[in-house]
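First up is the structure itself, then whatever we jot down about it.
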Amino acid sequence: MRIVYDVKEMQEIADKYRQWEKTIGFVPTMGYLHEGHLSLVRQAKKDNDVVFVSIFVNPAQFAPNEDLDKYPRDIKRDEELLKNENTDFLFYPTVDTMYPNNFQTYVSVENLTKVLEGASRPTHFRGVTTVVNKLFNITKPHRAYFGKKDAQQLIVIKRMAEDLNIDIEIIGMPIVREKDGLAMSSRNKYLNEKERKEAVCLYQSLNKAQELVDSGISDTNEIKSQMENVIKSYSIPKIDYININSLTTLKPLDRIKRKDTLISLAVFVGKTRLIDNLWI
Ligand code: AMP
């Protein structure tokens with residue numbers, strides 16, 4: 001695996017593979033890798049001739065009160081994990097490389113980013129779409145892989161790609177979970193032992209929602225209130241939001257719509273904010 005720090009160099013490598021008519025698969029990450037990230041790398045390996053992974057903790061998607069400085073990092077371990085997956089190139093730029101002094105151009109998707117995560121984190125998606133756009137221009141992939149764990153991010157990026165005629169196939173991949181059902185996340189590292197045990201409440205509440213949907217209940221208020229009860233049966237977690245929205249418009253739904261429903265929630269477990277979701 002070759003590690004590339006420089007934008008021009010990464011672009012030249014991408015150009016070469018394109019000239020050789022090889023397909024490029026790209027997996028953008030913020031590092032501190034786990035099985036969720038690696039599942040994207042494996043799919044990219046299967047689908048493409050060459051795989052580029054990026055590791056960049058993107059300041060533009062963190063608000064000043066968020067965890068940018070303490071976001072977990074372990075580049076040596078990440079390198080080993082990526083080598084084991086036969087990753088071809090790791091793009092690992094610095095903040096100055098990505099955002100030089102005179103940087104002033106942002107990409108923003110309008111309506112889809114005003115709800116859910118966007119309502120709790122108003123500047124977040126502008127940072128995400130901007131950096132993903134830059135990374136697309138740097139790695140020039142044919143296909144890019146994103147986890148359904150960050151459901152709204154995936155939906156927003158698909159919208160951006162379509163709206164801006166970005167000629168890249170955006171592929172959404174299933175959520176990878178720990179044995180007890182907790183969605184894997186770099187932020188799980190923040191949890192102490194007790195919090196880690198209680199963090200399973202997000203998954204349990206989604207299970208409850210699935211059970212209710214399977215039993216024919218479609219009233220979303222009923223489902224949300226039962227999900228809330230599940231979370232409230234734990235001692236530490238505090239709900240930020242529980243929402244049920246259309247997968248295409250992200251507008252709230254009164255009733256479950258088969259194949260077009262996203263049930264999502266954000267919960268504070270101690271100081272750590274965790275998200276999870278279910279695609280119906
Ligand atoms: P991050 O490093 O958190 O920015 O995540 C990089 C990519 O990995 C994003 O597309 C995430 O949605 C995806 N990802 C993170 N956690 C998981 C997971 N548990 N299962 C599947 N994909 C994930």
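Ligands are numbered from 1 in the order shown, chains are lettered A, B, ... in the order of the structure tokens, and residues start at 1 in each chain.
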
| request: Compute the set of protein, DNA and RNA residues whose minimum atom distance to ligand 1 is at most 6 Å, using only C-alpha atoms and all ligand atoms, and state it as a PyMOL selection string. | output: chain A and resi 28-31+36-37+146-150+174-177+183-185

Residues just named, written with N, CA and C atoms as an mmCIF file, in the first residue's frame:
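Output file part.cif follows:
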```cif
data_model
loop_
_atom_site.group_PDB
_atom_site.id
_atom_site.type_symbol
_atom_site.label_atom_id
_atom_site.label_comp_id
_atom_site.auth_asym_id
_atom_site.auth_seq_id
_atom_site.Cartn_x
_atom_site.Cartn_y
_atom_site.Cartn_z
ATOM 1 N N PRO A 28 -13.947 7.124 1.506
ATOM 2 C CA PRO A 28 -13.516 8.220 2.385
ATOM 3 C C PRO A 28 -13.808 7.898 3.853
ATOM 4 N N THR A 29 -12.842 8.165 4.723
ATOM 5 C CA THR A 29 -13.038 7.910 6.161
ATOM 6 C C THR A 29 -12.357 9.005 6.982
ATOM 7 N N MET A 30 -12.656 9.012 8.277
ATOM 8 C CA MET A 30 -11.943 9.884 9.212
ATOM 9 C C MET A 30 -10.983 9.049 10.068
ATOM 10 N N GLY A 31 -10.732 7.800 9.656
ATOM 11 C CA GLY A 31 -9.743 6.989 10.371
ATOM 12 C C GLY A 31 -10.285 6.368 11.648
ATOM 13 N N GLY A 36 -16.726 -1.701 10.249
ATOM 14 C CA GLY A 36 -17.655 -0.961 9.389
ATOM 15 C C GLY A 36 -16.914 -0.361 8.199
ATOM 16 N N HIS A 37 -15.809 0.339 8.476
ATOM 17 C CA HIS A 37 -14.994 0.910 7.398
ATOM 18 C C HIS A 37 -14.455 -0.200 6.482
ATOM 19 N N PHE A 146 -20.160 4.410 0.868
ATOM 20 C CA PHE A 146 -20.562 5.074 2.119
ATOM 21 C C PHE A 146 -21.427 4.116 2.920
ATOM 22 N N GLY A 147 -21.379 4.231 4.264
ATOM 23 C CA GLY A 147 -22.155 3.350 5.118
ATOM 24 C C GLY A 147 -23.554 3.903 5.369
ATOM 25 N N LYS A 148 -24.517 3.002 5.463
ATOM 26 C CA LYS A 148 -25.883 3.420 5.818
ATOM 27 C C LYS A 148 -25.968 3.861 7.274
ATOM 28 N N LYS A 149 -24.930 3.569 8.042
ATOM 29 C CA LYS A 149 -24.831 4.056 9.426
ATOM 30 C C LYS A 149 -25.083 5.567 9.465
ATOM 31 N N ASP A 150 -24.465 6.272 8.504
ATOM 32 C CA ASP A 150 -24.685 7.709 8.380
ATOM 33 C C ASP A 150 -25.691 7.909 7.255
ATOM 34 N N PRO A 174 -24.452 -1.812 4.113
ATOM 35 C CA PRO A 174 -25.158 -2.085 5.374
ATOM 36 C C PRO A 174 -24.367 -1.697 6.626
ATOM 37 N N ILE A 175 -25.106 -1.465 7.705
ATOM 38 C CA ILE A 175 -24.487 -1.111 8.995
ATOM 39 C C ILE A 175 -23.834 -2.353 9.612
ATOM 40 N N VAL A 176 -22.582 -2.228 9.989
ATOM 41 C CA VAL A 176 -21.892 -3.322 10.681
ATOM 42 C C VAL A 176 -21.996 -3.069 12.183
ATOM 43 N N ARG A 177 -22.362 -4.138 12.925
ATOM 44 C CA ARG A 177 -22.654 -3.987 14.353
ATOM 45 C C ARG A 177 -21.747 -4.859 15.223
ATOM 46 N N ALA A 183 -24.099 -0.279 16.796
ATOM 47 C CA ALA A 183 -23.480 0.038 15.508
ATOM 48 C C ALA A 183 -22.019 0.426 15.732
ATOM 49 N N MET A 184 -21.114 -0.166 14.942
ATOM 50 C CA MET A 184 -19.706 0.197 15.111
ATOM 51 C C MET A 184 -19.506 1.666 14.774
ATOM 52 N N SER A 185 -18.664 2.335 15.558
ATOM 53 C CA SER A 185 -18.377 3.749 15.344
ATOM 54 C C SER A 185 -17.061 4.078 16.036
#
```

| task | Write out as a ChimeraX atom specification all residues of range 119-198 of chain A that DSSP puts in strand (DSSP E) for this structure's backbone. | result | /A:143-147,169-173

Could those selected residues go to a file with C-alpha atoms, as a PDB file, in the first residue's frame?
```pdb
ATOM      1  CA  ARG A 143     -17.420   4.276  -7.510  1.00  0.00           C
ATOM      2  CA  ALA A 144     -17.492   5.637  -3.948  1.00  0.00           C
ATOM      3  CA  TYR A 145     -18.639   3.713  -0.873  1.00  0.00           C
ATOM      4  CA  PHE A 146     -20.562   5.074   2.119  1.00  0.00           C
ATOM      5  CA  GLY A 147     -22.155   3.350   5.118  1.00  0.00           C
ATOM      6  CA  GLU A 169     -21.599   5.733  -8.641  1.00  0.00           C
ATOM      7  CA  ILE A 170     -22.474   6.242  -4.957  1.00  0.00           C
ATOM      8  CA  ILE A 171     -22.851   2.919  -3.190  1.00  0.00           C
ATOM      9  CA  GLY A 172     -24.535   2.528   0.222  1.00  0.00           C
ATOM     10  CA  MET A 173     -23.414  -0.357   2.430  1.00  0.00           C
TER      11      MET A 173
END
```

| task | Quote the spacing between CA of Tyr32 in chain A and CA of Val115 in chain A in Å to one decimal place. | result |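 Going from CA of Tyr32 in chain A over to CA of Val115 in chain A, I get 27.6 Å.
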
| message | Env of range 125-127 of chain A: 10 Å cut, atoms = only C-alpha atoms, seq-sep filter 3 positions within chain, self excluded. Answer as a ChimeraX atom specification. | response | /A:58-63,106-110,112-114,117-118,121-122,130-133,152-153,156-157

| field | Surrounding residues of range 201-218 of chain A excluding itself and chain neighbours under 4 positions, 9 Å, only C-alpha atoms, as a PyMOL selection string | value | chain A and resi 180-183+197+222-224+226-234+237+254-257+263-267+274-278+280

Find the nearest atom pair between each residue of range 56-166 of chain A and range 13-18 of chain A for residues within 12 Å, count only C-alpha atoms, give distances in Å to one decimal, sort rows by chain and ascending number, and present the table as a Markdown table.
```
| residue | atom | partner | partner_atom | distance |
| --- | --- | --- | --- | --- |
| A:Asp88 | CA | A:Ile13 | CA | 11.0 |
| A:Phe89 | CA | A:Ile13 | CA | 9.3 |
| A:Leu90 | CA | A:Ile13 | CA | 11.6 |
| A:Phe91 | CA | A:Ile13 | CA | 11.0 |
| A:Leu135 | CA | A:Ala14 | CA | 11.7 |
| A:Phe136 | CA | A:Ala14 | CA | 10.5 |
| A:Asn137 | CA | A:Ala14 | CA | 9.8 |
| A:Ile138 | CA | A:Ala14 | CA | 7.9 |
| A:Thr139 | CA | A:Ala14 | CA | 5.8 |
| A:Lys140 | CA | A:Ala14 | CA | 6.0 |
| A:Pro141 | CA | A:Ala14 | CA | 7.6 |
| A:His142 | CA | A:Arg18 | CA | 9.2 |
```

| remark: Min atom-atom distance to Lys194 in chain A from the set A:Ser235, A:Asn65, A:Gln19, A:Ser225, counting only C-alpha atoms, belongs to A:Ser235

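In this model, the gap between CA of Arg273 in chain A and CA of Leu38 in chain A comes to 22.6 Å.
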
| task | Using backbone DSSP assignments, extract all helix (DSSP H, G or I) residues from range 81-252 of chain A; output them as a ChimeraX atom specification. | result | /A:81-84,95-98,111-113,117-120,124-139,148-163,186-190,193-198,201-214,220-232

| request: For each of A:Leu82, A:Val57, A:Met98, A:Leu68, take the minimum atom-to-atom distance to Asp6 in chain A, counting only C-alpha atoms, then give the residue where this is smallest. | output: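 Under the stated criterion, the closest residue is A:Met98.
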
| Between A:Arg258, A:Lys251, A:His34, A:Arg77, which one has atoms that come closest to Arg187 in chain A, using only C-alpha atoms? | A:His34
